[in-house]
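Visitor: File follows, model-v8.cif with mmCIF, C-alpha atoms:
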```
data_my_file
loop_
_atom_site.label_atom_id
_atom_site.label_comp_id
_atom_site.auth_asym_id
_atom_site.auth_seq_id
_atom_site.Cartn_x
_atom_site.Cartn_y
_atom_site.Cartn_z
CA MET A 1 -22.14 32.76 27.88
CA THR A 2 -18.71 32.96 26.21
CA GLU A 3 -18.52 31.02 22.93
CA LEU A 4 -16.02 28.15 23.03
CA ARG A 5 -13.03 28.65 20.73
CA PHE A 6 -9.98 26.59 19.74
CA SER A 7 -6.53 28.05 19.15
CA LYS A 8 -4.16 25.25 18.09
CA PRO A 9 -3.26 24.85 14.38
CA PHE A 10 -4.45 21.73 12.58
CA THR A 11 -1.25 21.59 10.50
CA GLN A 12 1.35 21.56 13.28
CA GLN A 13 3.56 18.45 13.35
CA GLU A 14 5.50 17.13 16.32
CA PRO A 15 9.20 18.08 16.32
CA ILE A 16 11.85 15.76 14.94
CA ASP A 17 13.79 14.15 17.80
CA GLU A 18 17.25 15.42 18.71
CA ALA A 19 19.09 12.20 17.81
CA THR A 20 17.67 12.38 14.28
CA ILE A 21 18.54 16.06 13.99
CA GLU A 22 22.11 15.18 14.99
CA ARG A 23 22.27 12.39 12.39
CA VAL A 24 20.95 14.73 9.68
CA GLY A 25 23.56 17.26 10.77
CA ASP A 26 26.27 14.64 10.31
CA ILE A 27 25.02 13.95 6.78
CA LEU A 28 24.98 17.65 5.96
CA ARG A 29 28.46 18.14 7.38
CA GLY A 30 29.70 15.21 5.30
CA GLY A 31 28.14 16.63 2.15
CA ARG A 32 27.13 13.21 0.77
CA LEU A 33 23.35 13.55 0.51
CA HIS A 34 22.92 11.41 -2.62
CA ARG A 35 22.05 7.80 -1.83
CA TYR A 36 24.78 6.39 -4.08
CA ASN A 37 27.53 8.68 -2.79
CA THR A 38 29.05 6.34 -0.19
CA LEU A 39 32.51 5.45 1.02
CA ASN A 40 33.92 1.94 0.73
CA GLY A 41 32.11 -0.34 3.17
CA GLU A 42 29.48 2.29 4.01
CA THR A 43 25.73 1.64 3.72
CA ALA A 44 23.66 4.65 2.72
CA GLU A 45 20.87 5.90 4.96
CA ALA A 46 18.38 5.28 2.14
CA ALA A 47 19.45 1.63 1.90
CA LEU A 48 19.22 1.20 5.67
CA LEU A 49 15.73 2.69 5.60
CA GLU A 50 14.64 0.32 2.82
CA ARG A 51 15.87 -2.67 4.80
CA GLU A 52 14.15 -1.51 7.98
CA TYR A 53 10.88 -0.56 6.28
CA ALA A 54 10.68 -3.88 4.39
CA LYS A 55 11.12 -5.75 7.68
CA TRP A 56 8.53 -3.59 9.43
CA GLN A 57 6.01 -3.95 6.59
CA GLY A 58 6.64 -7.68 6.18
CA ALA A 59 7.52 -7.31 2.48
CA LYS A 60 10.45 -8.84 0.62
CA TYR A 61 11.41 -5.70 -1.27
CA CYS A 62 11.22 -1.97 -0.63
CA LEU A 63 12.17 1.11 -2.63
CA ALA A 64 12.53 4.52 -0.96
CA CYS A 65 11.12 7.15 -3.35
CA SER A 66 10.96 10.91 -3.71
CA SER A 67 7.19 10.97 -3.05
CA GLY A 68 4.15 8.79 -2.61
CA GLY A 69 2.81 9.96 -5.96
CA TYR A 70 6.01 8.88 -7.65
CA ALA A 71 5.71 5.48 -5.94
CA LEU A 72 2.17 5.10 -7.35
CA HIS A 73 3.32 5.96 -10.87
CA VAL A 74 6.27 3.57 -10.75
CA ALA A 75 4.16 0.82 -9.15
CA LEU A 76 1.89 0.84 -12.19
CA ARG A 77 4.72 0.97 -14.70
CA ALA A 78 6.75 -1.70 -12.92
CA ALA A 79 3.65 -3.94 -12.74
CA GLY A 80 3.40 -3.82 -16.53
CA LEU A 81 0.95 -1.04 -17.36
CA GLN A 82 1.13 0.00 -21.00
CA HIS A 83 0.01 3.27 -22.57
CA GLY A 84 -3.77 3.29 -22.89
CA ASP A 85 -4.42 0.49 -20.39
CA LYS A 86 -7.49 1.09 -18.25
CA VAL A 87 -7.05 1.33 -14.49
CA LEU A 88 -9.98 0.94 -12.11
CA ALA A 89 -9.79 3.37 -9.18
CA ASN A 90 -12.19 4.36 -6.41
CA ALA A 91 -13.69 7.76 -7.15
CA TYR A 92 -13.09 9.10 -3.63
CA THR A 93 -9.38 9.77 -3.59
CA LEU A 94 -6.91 12.64 -3.77
CA ALA A 95 -5.53 14.23 -6.91
CA PRO A 96 -2.13 12.44 -6.92
CA VAL A 97 -3.87 9.11 -7.63
CA PRO A 98 -5.46 9.99 -11.00
CA GLY A 99 -2.31 12.02 -11.62
CA ALA A 100 -0.15 8.92 -11.17
CA ILE A 101 -2.40 6.88 -13.47
CA HIS A 102 -2.23 9.61 -16.12
CA ASN A 103 1.55 9.95 -15.69
CA ALA A 104 1.96 6.21 -16.19
CA GLY A 105 -0.06 6.34 -19.40
CA GLY A 106 -3.16 4.68 -17.98
CA VAL A 107 -6.82 5.63 -18.37
CA PRO A 108 -8.74 5.85 -15.07
CA VAL A 109 -12.11 4.14 -14.77
CA PHE A 110 -13.65 5.42 -11.57
CA VAL A 111 -15.66 3.18 -9.26
CA GLU A 112 -18.46 4.38 -6.97
CA ILE A 113 -18.10 4.49 -3.18
CA ASP A 114 -20.52 3.52 -0.42
CA ASP A 115 -21.87 5.44 2.56
CA ASN A 116 -18.79 4.60 4.66
CA TRP A 117 -16.29 5.96 2.10
CA HIS A 118 -15.24 2.49 0.88
CA VAL A 119 -15.08 1.43 -2.74
CA ASP A 120 -18.44 -0.03 -3.83
CA ILE A 121 -17.50 -3.64 -4.51
CA ASP A 122 -20.61 -4.38 -6.58
CA ASP A 123 -19.74 -1.46 -8.87
CA LEU A 124 -16.13 -2.65 -8.92
CA ARG A 125 -17.24 -6.06 -10.18
CA ALA A 126 -19.53 -4.52 -12.81
CA LYS A 127 -16.82 -2.19 -14.12
CA ALA A 128 -14.20 -4.94 -14.06
CA ALA A 129 -16.54 -6.94 -16.31
CA ASP A 130 -17.35 -4.07 -18.68
CA SER A 131 -14.11 -2.07 -18.90
CA GLU A 132 -11.48 -4.70 -19.83
CA ALA A 133 -9.25 -3.04 -17.22
CA LYS A 134 -6.13 -4.93 -16.20
CA PHE A 135 -5.34 -2.98 -13.03
CA PHE A 136 -7.13 -1.80 -9.91
CA MET A 137 -5.49 1.03 -7.99
CA LEU A 138 -7.21 0.84 -4.61
CA SER A 139 -6.89 3.94 -2.45
CA HIS A 140 -7.50 3.24 1.22
CA MET A 141 -8.73 6.80 1.23
CA ARG A 142 -8.41 8.65 4.54
CA GLY A 143 -7.69 5.34 6.23
CA HIS A 144 -10.96 3.54 5.36
CA ILE A 145 -10.20 -0.09 4.46
CA ALA A 146 -12.88 -1.86 2.42
CA ASP A 147 -13.63 -5.59 2.63
CA MET A 148 -10.30 -6.91 1.37
CA ASP A 149 -11.57 -10.50 1.16
CA ARG A 150 -14.22 -9.48 -1.38
CA ILE A 151 -11.86 -7.15 -3.23
CA CYS A 152 -9.24 -9.87 -3.66
CA THR A 153 -11.96 -12.24 -4.90
CA VAL A 154 -12.97 -9.72 -7.60
CA CYS A 155 -9.34 -9.18 -8.59
CA ASP A 156 -8.80 -12.93 -8.90
CA GLU A 157 -12.04 -13.38 -10.85
CA PHE A 158 -11.14 -10.78 -13.48
CA GLY A 159 -7.35 -11.08 -13.45
CA LEU A 160 -6.85 -7.57 -12.06
CA THR A 161 -3.42 -6.53 -10.81
CA LEU A 162 -4.11 -4.95 -7.44
CA VAL A 163 -2.02 -1.87 -6.63
CA GLU A 164 -2.61 -0.54 -3.10
CA ASP A 165 -2.38 3.16 -2.32
CA CYS A 166 -1.58 3.09 1.39
CA ALA A 167 -0.85 6.79 1.87
CA HIS A 168 -3.38 6.86 4.74
CA THR A 169 -3.00 3.30 6.07
CA MET A 170 0.66 2.92 6.99
CA GLY A 171 0.41 0.83 10.16
CA ALA A 172 -3.16 -0.37 9.56
CA PHE A 173 -4.39 -3.97 9.32
CA TRP A 174 -7.31 -5.91 7.87
CA LYS A 175 -7.99 -9.16 9.75
CA GLY A 176 -4.45 -9.15 11.09
CA LYS A 177 -2.75 -8.54 7.72
CA ARG A 178 -0.95 -5.27 7.08
CA SER A 179 -2.44 -2.86 4.60
CA GLY A 180 -0.21 -2.99 1.52
CA ASN A 181 0.32 -6.75 1.64
CA PHE A 182 -2.82 -7.73 -0.29
CA GLY A 183 -1.88 -6.67 -3.83
CA ARG A 184 1.12 -7.26 -6.07
CA VAL A 185 2.60 -3.89 -5.16
CA ALA A 186 1.86 -1.06 -2.74
CA ALA A 187 2.77 2.60 -2.38
CA PHE A 188 3.13 4.63 0.82
CA SER A 189 3.64 8.32 1.49
CA ALA A 190 5.96 10.12 3.89
CA GLN A 191 4.64 13.58 3.07
CA THR A 192 4.32 15.98 6.00
CA TYR A 193 0.74 15.05 6.94
CA LYS A 194 1.25 11.29 6.73
CA HIS A 195 2.20 8.81 9.45
CA ILE A 196 5.93 9.41 9.16
CA ASN A 197 7.13 12.79 7.98
CA SER A 198 10.07 13.74 5.79
CA GLY A 199 8.31 16.71 4.22
CA GLU A 200 8.07 14.71 0.99
CA GLY A 201 8.88 11.06 0.35
CA GLY A 202 7.42 7.62 -0.19
CA PHE A 203 7.91 3.87 -0.44
CA LEU A 204 7.10 1.09 -2.85
CA THR A 205 6.85 -2.45 -1.44
CA THR A 206 6.30 -5.78 -3.17
CA ASP A 207 7.08 -9.48 -2.95
CA ASP A 208 7.50 -9.69 -6.74
CA ALA A 209 11.20 -9.70 -7.72
CA ASP A 210 10.66 -8.40 -11.26
CA ILE A 211 8.42 -5.54 -10.11
CA ALA A 212 11.01 -4.60 -7.49
CA ALA A 213 13.87 -4.71 -10.00
CA ARG A 214 12.00 -2.60 -12.54
CA ALA A 215 10.97 -0.08 -9.89
CA ILE A 216 14.55 0.30 -8.63
CA VAL A 217 15.91 0.86 -12.14
CA MET A 218 13.05 3.28 -12.87
CA SER A 219 13.90 5.24 -9.72
CA GLY A 220 17.27 6.11 -11.21
CA SER A 221 19.64 3.47 -9.89
CA TYR A 222 21.66 3.28 -13.12
CA MET A 223 23.68 0.09 -12.52
CA LEU A 224 24.05 0.81 -8.79
CA TYR A 225 21.01 -1.26 -7.84
CA GLY A 226 23.18 -3.62 -5.79
CA SER A 227 23.52 -0.97 -3.10
CA HIS A 228 19.80 -0.97 -2.31
CA GLY A 229 18.81 -2.30 1.09
CA ALA A 230 15.83 -4.51 0.19
CA ALA A 231 16.35 -5.49 -3.45
CA PRO A 232 16.05 -8.77 -5.38
CA ASP A 233 19.07 -10.70 -6.62
CA GLU A 234 21.12 -10.03 -9.75
CA GLU A 235 19.05 -12.42 -11.85
CA ALA A 236 15.96 -10.21 -11.55
CA PHE A 237 17.92 -7.13 -12.66
CA ALA A 238 19.47 -9.05 -15.55
CA ARG A 239 15.95 -9.72 -16.86
CA VAL A 240 14.83 -6.08 -16.79
CA LYS A 241 17.70 -3.57 -16.64
CA LEU A 242 18.12 -2.97 -20.38
CA GLN A 243 14.38 -2.72 -21.06
CA THR A 244 13.53 -0.35 -18.21
CA PRO A 245 13.56 3.48 -18.37
CA ASN A 246 15.01 5.80 -15.73
CA TYR A 247 12.43 8.19 -14.21
CA SER A 248 14.73 9.60 -11.47
CA GLY A 249 12.65 9.51 -8.29
CA ARG A 250 15.16 8.50 -5.64
CA MET A 251 15.04 9.38 -1.96
CA ASP A 252 18.09 11.19 -0.60
CA ASN A 253 20.02 10.25 2.55
CA MET A 254 18.85 13.26 4.54
CA ARG A 255 15.15 12.40 4.23
CA ALA A 256 15.94 8.73 4.82
CA ALA A 257 17.62 9.60 8.12
CA ILE A 258 14.61 11.68 9.15
CA LEU A 259 12.31 8.72 8.50
CA ARG A 260 14.50 6.12 10.18
CA GLY A 261 14.18 8.09 13.39
CA GLN A 262 10.38 7.97 13.21
CA LEU A 263 9.87 4.36 12.16
CA GLY A 264 10.75 3.08 15.62
CA VAL A 265 7.95 5.10 17.27
CA LEU A 266 5.30 4.56 14.59
CA GLU A 267 3.41 1.83 16.47
CA GLU A 268 3.16 4.07 19.55
CA ASN A 269 2.01 6.97 17.38
CA VAL A 270 -0.70 4.78 15.85
CA ARG A 271 -1.98 4.14 19.36
CA ARG A 272 -1.93 7.87 20.12
CA TRP A 273 -3.76 8.77 16.90
CA ASN A 274 -6.46 6.24 17.66
CA GLU A 275 -6.91 7.59 21.19
CA ARG A 276 -7.57 11.03 19.74
CA TYR A 277 -9.78 9.66 16.99
CA ARG A 278 -11.98 7.85 19.53
CA VAL A 279 -12.44 11.04 21.57
CA LEU A 280 -13.51 12.91 18.44
CA GLU A 281 -15.73 10.01 17.38
CA ARG A 282 -17.48 9.90 20.75
CA GLY A 283 -17.87 13.67 20.82
CA LEU A 284 -19.28 13.95 17.31
CA GLY A 285 -21.46 10.91 17.96
CA LYS A 286 -23.37 12.85 20.64
CA SER A 287 -25.04 14.72 17.80
CA GLY A 288 -28.00 13.04 16.18
CA ALA A 289 -27.25 14.97 12.99
CA ILE A 290 -23.73 13.70 12.20
CA HIS A 291 -23.04 10.45 10.32
CA LEU A 292 -19.76 8.70 11.17
CA ALA A 293 -18.11 5.71 9.52
CA ASP A 294 -19.26 2.26 10.54
CA ARG A 295 -15.84 0.72 11.24
CA ALA A 296 -15.59 -3.05 10.88
CA GLN A 297 -14.48 -4.71 14.11
CA HIS A 298 -11.56 -6.42 12.35
CA GLU A 299 -10.31 -3.21 10.70
CA ALA A 300 -7.32 -1.92 12.68
CA PHE A 301 -7.12 1.57 11.23
CA VAL A 302 -4.93 4.61 11.93
CA GLY A 303 -7.05 7.54 13.04
CA SER A 304 -4.89 10.37 11.73
CA SER A 305 -7.97 12.04 10.24
CA ILE A 306 -11.71 11.77 10.75
CA GLN A 307 -14.54 12.02 8.24
CA PHE A 308 -18.18 12.78 9.00
CA ARG A 309 -21.35 13.83 7.21
CA PRO A 310 -23.48 16.52 8.87
CA GLN A 311 -27.14 16.12 7.99
CA LEU A 312 -27.46 19.67 6.68
CA SER A 313 -29.19 21.22 3.72
CA PRO A 314 -26.96 21.83 0.67
CA THR A 315 -26.91 25.57 1.32
CA ALA A 316 -25.83 25.14 4.95
CA PHE A 317 -22.43 23.58 4.32
CA GLU A 318 -20.51 26.72 3.50
CA PRO A 319 -21.88 28.54 6.60
CA PHE A 320 -20.99 25.45 8.63
CA ILE A 321 -17.38 25.43 7.38
CA GLU A 322 -17.11 29.17 7.95
CA GLY A 323 -18.63 28.92 11.43
CA CYS A 324 -16.15 26.23 12.46
CA ALA A 325 -13.26 28.26 11.04
CA SER A 326 -14.34 31.38 12.95
CA ARG A 327 -13.99 29.33 16.13
CA GLY A 328 -10.59 27.89 15.21
CA VAL A 329 -11.65 24.48 13.84
CA ASP A 330 -10.35 23.65 10.37
CA VAL A 331 -12.92 21.46 8.58
CA LYS A 332 -12.51 20.57 4.91
CA TRP A 333 -15.54 19.84 2.69
CA PHE A 334 -15.52 17.63 -0.41
CA GLY A 335 -18.87 18.93 -1.70
CA ALA A 336 -17.87 22.32 -3.10
CA ASP A 337 -18.16 22.85 -6.84
CA GLU A 338 -14.62 24.25 -6.95
CA PRO A 339 -11.69 22.37 -5.33
CA LYS A 340 -10.23 23.93 -2.21
CA ALA A 341 -6.98 22.88 -0.53
CA PHE A 342 -6.76 19.09 -1.04
CA THR A 343 -10.50 18.49 -1.50
CA SER A 344 -10.77 18.06 -5.27
CA ARG A 345 -13.11 15.30 -6.48
CA PHE A 346 -13.51 13.29 -9.66
CA ASP A 347 -15.28 16.04 -11.64
CA SER A 348 -12.38 18.42 -10.90
CA TRP A 349 -9.86 16.37 -12.93
CA GLN A 350 -10.88 17.75 -16.31
CA TYR A 351 -7.53 16.91 -17.93
CA LEU A 352 -8.83 13.33 -18.07
CA GLY A 353 -11.54 14.36 -20.52
CA ARG A 354 -15.25 13.88 -20.17
CA LEU A 355 -15.98 11.42 -17.37
CA PRO A 356 -19.21 9.55 -16.63
CA ASP A 357 -21.12 10.91 -13.66
CA LEU A 358 -20.96 8.94 -10.42
CA PRO A 359 -24.20 9.84 -8.65
CA ARG A 360 -23.67 7.84 -5.48
CA THR A 361 -20.16 9.18 -4.98
CA ARG A 362 -21.33 12.71 -5.72
CA GLU A 363 -24.13 12.36 -3.14
CA VAL A 364 -21.80 11.04 -0.42
CA LEU A 365 -19.12 13.65 -1.10
CA SER A 366 -21.71 16.45 -1.13
CA GLN A 367 -21.89 16.01 2.66
CA THR A 368 -18.38 14.72 3.41
CA CYS A 369 -16.36 16.75 5.89
CA ASP A 370 -12.79 15.99 6.91
CA MET A 371 -10.53 16.96 9.79
CA ARG A 372 -6.92 16.16 10.49
CA VAL A 373 -6.12 14.65 13.89
CA PRO A 374 -2.71 16.08 14.85
CA LEU A 375 -0.67 14.38 17.53
CA THR A 376 0.00 17.87 18.87
CA PHE A 377 -3.61 17.86 20.14
CA SER A 378 -4.34 16.54 23.62
CA LEU A 379 -7.37 14.37 24.33
CA ASP A 380 -9.03 17.39 25.93
CA ASP A 381 -8.34 19.39 22.76
CA CYS A 382 -10.15 16.74 20.74
CA ALA A 383 -13.17 16.94 23.04
CA VAL A 384 -13.28 20.72 22.56
CA VAL A 385 -13.04 20.39 18.77
CA ALA A 386 -15.90 17.87 18.74
CA GLN A 387 -18.06 20.15 20.88
CA ILE A 388 -17.51 23.11 18.54
CA VAL A 389 -18.42 21.00 15.51
CA ARG A 390 -21.57 19.73 17.26
CA GLU A 391 -22.62 23.25 18.16
CA GLU A 392 -22.09 24.53 14.61
CA VAL A 393 -24.14 21.65 13.18
CA ALA A 394 -26.92 22.26 15.73
CA ARG A 395 -26.97 25.95 14.79
CA LEU A 396 -27.76 25.11 11.16
CA VAL A 397 -29.95 22.01 11.36
#
```
Reformat the file's structure so that it appears as structure tokens.
Guide:
Amino acid sequence: MTELRFSKPFTQQEPIDEATIERVGDILRGGRLHRYNTLNGETAEAALLEREYAKWQGAKYCLACSSGGYALHVALRAAGLQHGDKVLANAYTLAPVPGAIHNAGGVPVFVEIDDNWHVDIDDLRAKAADSEAKFFMLSHMRGHIADMDRICTVCDEFGLTLVEDCAHTMGAFWKGKRSGNFGRVAAFSAQTYKHINSGEGGFLTTDDADIAARAIVMSGSYMLYGSHGAAPDEEAFARVKLQTPNYSGRMDNMRAAILRGQLGVLEENVRRWNERYRVLERGLGKSGAIHLADRAQHEAFVGSSIQFRPQLSPTAFEPFIEGCASRGVDVKWFGADEPKAFTSRFDSWQYLGRLPDLPRTREVLSQTCDMRVPLTFSLDDCAVVAQIVREEVARLV
């Protein structure tokens, strides 16, 4: 019997639509890529994007940034973080999150996760009590949204400023409320593998006028903040503009135009991602040796990636990853001792100094596998991928 193989790349994005390409061409032909380089009466693409994204997100203020990591850094600084302040953060996240905390001058205090890749809220409460942290940077890692009611209760109890990292939850909801609208400030990514794609880019959203004003000045607005599309009034800038540094992390008009063209189809793309996710979920669920996330009924997630834990021996994971790869299926594993691709974990970030061990997180990540869910895959493709993964697990159980 011929062994089933898969041939499509897991990193292929859908093409940018022709109308957007034409608009980007107009910007290039005009030569005015910088967001503040406008003619009299003209509104920059970046400002239009901010206005449209704020409306879509349901936030008062929005800043278009050079990257999601930059948005995280500025979110902390604009929310008042001072050098040496401790920042609680879930231990299952990607390297830009501790990097943003470090860049902002904060000291990460990592919180354990549970079996479904959520932050462990009991450990969060314990570390909030013991650490004297003032901030909690919550990563909705790989689209898994924890119990936001309980998290907000802990933040209120200990006076924590909640900063949401929504790199993987743009378009997601918890009990009907958009991800990113729970904390004082949120950051989103528009990097190539996120829900809208400008190659690199990000957003900061908030309903706090002073945070918004500080973030805009920090992004490099000079005194041109009045040209932003979703900014607070002059009074907020008057309070902060002379006490706020410039970190130069603006989005340019070309990337803004690319994103504006995608924002209008994001809701439809969320539906398409979730269709593909459900096919993969059903296919992987046919194996009795694969653990999948227990998704809360009121969590409206975006299935742009899928995580699972094969019930394999520790020595079987590398052969499993290699077996999938030999058949065209790109599975990432968070359990390796050395980071590979984007799969670094808390004990990889040695620049932070000696960190306490996190045994529960280490145990969960030792089995955690991850796959992207490209929109370039058909539903049949997803069924094939799931079958290959099942067969490779069965071969090694």
Visitor: Which residues are near Ser344 (chain A)? Cut-off 9 Å, only C-alpha atoms, ignore same chain within fewer than 6 positions. Put them as a list in words.
Guide: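 The residues satisfying every condition are Thr93, Leu94, Ala95, Phe334, Gly335, Ala336, Asp337 and Glu338 of chain A.
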Visitor: I'd like the interatomic distance between CA of Gly80 (chain A) and CA of Asp210 (chain A), to a tenth of an Å.
Guide: 10.1 Å
Visitor: Once the PyMOL selection byres ((chain A and resi 352-357) around 10) is applied to the coordinates I shared, what remains selected? I want it as number ranges by chain.
Guide: A: 98-99, 102, 107-110, 112, 346-351, 358-362
Visitor: Could you expand the PyMOL selection byres ((chain A and resi 228) around 9) into the explicit residues it covers here, written as a PyMOL selection string?
Guide: chain A and resi 43-44+46-48+50-51+62-63+216+221+224-227+229-231
Visitor: Apply the PyMOL selection byres ((chain A and resi 82) around 8) to the file shown and report the selected residues as a short mmCIF file (atom, residue, chain, number, x, y, z; two decimals) with C-alpha atoms, keeping the file's coordinate frame.
Guide:
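Written output follows (result32.cif):
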```cif
data_model
loop_
_atom_site.label_atom_id
_atom_site.label_comp_id
_atom_site.auth_asym_id
_atom_site.auth_seq_id
_atom_site.Cartn_x
_atom_site.Cartn_y
_atom_site.Cartn_z
CA ARG A 77 4.72 0.97 -14.70
CA GLY A 80 3.40 -3.82 -16.53
CA LEU A 81 0.95 -1.04 -17.36
CA HIS A 83 0.01 3.27 -22.57
CA GLY A 84 -3.77 3.29 -22.89
CA ASP A 85 -4.42 0.49 -20.39
CA ALA A 104 1.96 6.21 -16.19
CA GLY A 105 -0.06 6.34 -19.40
CA GLY A 106 -3.16 4.68 -17.98
#
```
Visitor: For region 329-331 of chain A, please output as a compact mmCIF listing (two decimals) with C-alpha atoms, in the frame of the given file all residues within 8 Å (counting all atoms listed in the file; exclusion window: fewer than 5 positions along the same chain).
Guide:
```
# COMPACT_ATOMS: atom_id res chain seq x y z
CA PHE A 6 -9.98 26.59 19.74
CA PHE A 10 -4.45 21.73 12.58
CA ILE A 321 -17.38 25.43 7.38
CA CYS A 324 -16.15 26.23 12.46
CA CYS A 369 -16.36 16.75 5.89
CA ASP A 370 -12.79 15.99 6.91
CA MET A 371 -10.53 16.96 9.79
CA VAL A 385 -13.04 20.39 18.77
CA ILE A 388 -17.51 23.11 18.54
CA VAL A 389 -18.42 21.00 15.51
```
Visitor: Name the residues in contact with region 145-155 of chain A at a cut-off of 9 Å, using only C-alpha atoms, excluding same-chain residues fewer than 2 positions from it; report them as a ChimeraX atom specification.
Guide: /A:117-121,124-125,128,135-136,139-143,157-162,169,172-175,179,182-183,295-296,299-301
Visitor: Nearest to His298 (chain A): which of A:Arg178, A:Ala75, A:Lys194, A:Ala383 is it, counting only C-alpha atoms?
Guide: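 Between A:Arg178, A:Ala75, A:Lys194, A:Ala383, the residue approaching His298 (chain A) most closely is A:Arg178.
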Visitor: Just checking: using all atoms listed in the file, which residue out of A:Ala71, A:Val97, A:Thr2, A:Asp252 ends up closest to Thr38 (chain A)?
Guide: A:Asp252
Visitor: So, counting only C-alpha atoms, which residue among A:Thr192, A:Gln367, A:Ser248, A:Ser287 is closest to Gln13 (chain A)?
Guide: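 Ranking A:Thr192, A:Gln367, A:Ser248, A:Ser287 by distance to Gln13 (chain A), first place goes to A:Thr192.
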Visitor: Measuring atom to atom with all atoms listed in the file, identify which of A:Ala215, A:Leu396, A:Ala133, A:Val265 is nearest to Asn246 (chain A).
Guide: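 Comparing A:Ala215, A:Leu396, A:Ala133, A:Val265 against Asn246 (chain A), the winner is A:Ala215.
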Visitor: From the options A:Ala126, A:Cys65, A:Pro319, A:Val74, which residue's atoms come nearest to Pro245 (chain A), counting only C-alpha atoms?
Guide: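 Under the stated criterion, the closest residue is A:Val74.
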Visitor: Specify the axis-aligned box that encloses all atoms of region 232-247 of chain A listed in the file after padding of 5 Å on each side, stating its centre and edge lengths in Å to one decimal as JSON.
Guide:
```
{"center_x": 16.8, "center_y": -2.1, "center_z": -13.2, "size_x": 18.7, "size_y": 30.6, "size_z": 25.7}
```
Visitor: Determine the nearest neighbour of Leu49 (chain A) from the options A:Val270, A:Val384, A:Leu263, A:Val24, counting only C-alpha atoms.
Guide: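 For Leu49 (chain A), the nearest of the given residues is A:Leu263.
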Visitor: Between CA of Ile113 (chain A) and CA of His144 (chain A), what is the distance, to one decimal in Å?
Guide: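 Going from CA of Ile113 (chain A) over to CA of His144 (chain A), I get 11.2 Å.
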Visitor: I'd like the neighbourhood of Tyr277 (chain A) as a list in words, where a residue qualifies if any of its atoms comes within 10 Å (using all atoms listed in the file), though same-chain residues fewer than 3 positions away should be ignored.
Guide: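 Residues meeting the cut-off are Arg271, Arg272, Trp273, Asn274, Leu280, Glu281, Arg282, Gly283, Val302, Gly303, Ser304, Ser305, Ile306, Arg372, Val373, Pro374, Leu379 and Cys382 of chain A.
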Visitor: At what distance in Å, to one decimal, does CA of Cys166 (chain A) lie from CA of Ser378 (chain A)?
Guide: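 Distance between the two atoms: 26.1 Å.
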Visitor: Go through region 109-188 of chain A residue by residue and, counting all atoms listed in the file, keep those with an atom at most 10 Å from region 55-58 of chain A; for each kept residue give the shortest atom pair and its distance in Å to one decimal, ordered by chain and increasing number, as CSV.
Guide:
```
residue,atom,partner,partner_atom,distance
A:Met170,CA,A:Gln57,CA,8.7
A:Gly171,CA,A:Gln57,CA,8.2
A:Lys177,CA,A:Gly58,CA,9.6
A:Arg178,CA,A:Gln57,CA,7.1
A:Ser179,CA,A:Gln57,CA,8.7
A:Gly180,CA,A:Gln57,CA,8.1
A:Asn181,CA,A:Gly58,CA,7.8
```
Visitor: As a PDB file, in the coordinates of the input, could you write out region 137-147 of chain A once it has been completed with N, CA and C atoms?
Guide:
```
ATOM      1  N   MET A 137      -6.220   0.248  -8.971  1.00  0.00           N
ATOM      2  CA  MET A 137      -5.490   1.030  -7.990  1.00  0.00           C
ATOM      3  C   MET A 137      -6.452   1.373  -6.865  1.00  0.00           C
ATOM      4  N   LEU A 138      -6.318   0.687  -5.751  1.00  0.00           N
ATOM      5  CA  LEU A 138      -7.210   0.840  -4.610  1.00  0.00           C
ATOM      6  C   LEU A 138      -6.617   1.834  -3.625  1.00  0.00           C
ATOM      7  N   SER A 139      -7.284   2.979  -3.472  1.00  0.00           N
ATOM      8  CA  SER A 139      -6.890   3.940  -2.450  1.00  0.00           C
ATOM      9  C   SER A 139      -7.629   3.621  -1.158  1.00  0.00           C
ATOM     10  N   HIS A 140      -6.883   3.368  -0.107  1.00  0.00           N
ATOM     11  CA  HIS A 140      -7.500   3.240   1.220  1.00  0.00           C
ATOM     12  C   HIS A 140      -7.699   4.671   1.732  1.00  0.00           C
ATOM     13  N   MET A 141      -8.613   5.360   1.083  1.00  0.00           N
ATOM     14  CA  MET A 141      -8.730   6.800   1.230  1.00  0.00           C
ATOM     15  C   MET A 141      -9.071   7.204   2.658  1.00  0.00           C
ATOM     16  N   ARG A 142      -8.267   8.115   3.185  1.00  0.00           N
ATOM     17  CA  ARG A 142      -8.410   8.650   4.540  1.00  0.00           C
ATOM     18  C   ARG A 142      -8.469   7.537   5.584  1.00  0.00           C
ATOM     19  N   GLY A 143      -7.833   6.408   5.263  1.00  0.00           N
ATOM     20  CA  GLY A 143      -7.690   5.340   6.230  1.00  0.00           C
ATOM     21  C   GLY A 143      -8.846   4.354   6.291  1.00  0.00           C
ATOM     22  N   HIS A 144      -9.802   4.441   5.349  1.00  0.00           N
ATOM     23  CA  HIS A 144     -10.960   3.540   5.360  1.00  0.00           C
ATOM     24  C   HIS A 144     -10.638   2.310   4.501  1.00  0.00           C
ATOM     25  N   ILE A 145     -10.564   1.149   5.149  1.00  0.00           N
ATOM     26  CA  ILE A 145     -10.200  -0.090   4.460  1.00  0.00           C
ATOM     27  C   ILE A 145     -11.468  -0.865   4.140  1.00  0.00           C
ATOM     28  N   ALA A 146     -11.708  -1.099   2.863  1.00  0.00           N
ATOM     29  CA  ALA A 146     -12.880  -1.860   2.420  1.00  0.00           C
ATOM     30  C   ALA A 146     -12.679  -3.345   2.709  1.00  0.00           C
ATOM     31  N   ASP A 147     -13.679  -4.142   2.394  1.00  0.00           N
ATOM     32  CA  ASP A 147     -13.630  -5.590   2.630  1.00  0.00           C
ATOM     33  C   ASP A 147     -12.590  -6.207   1.693  1.00  0.00           C
TER      34      ASP A 147
END
```
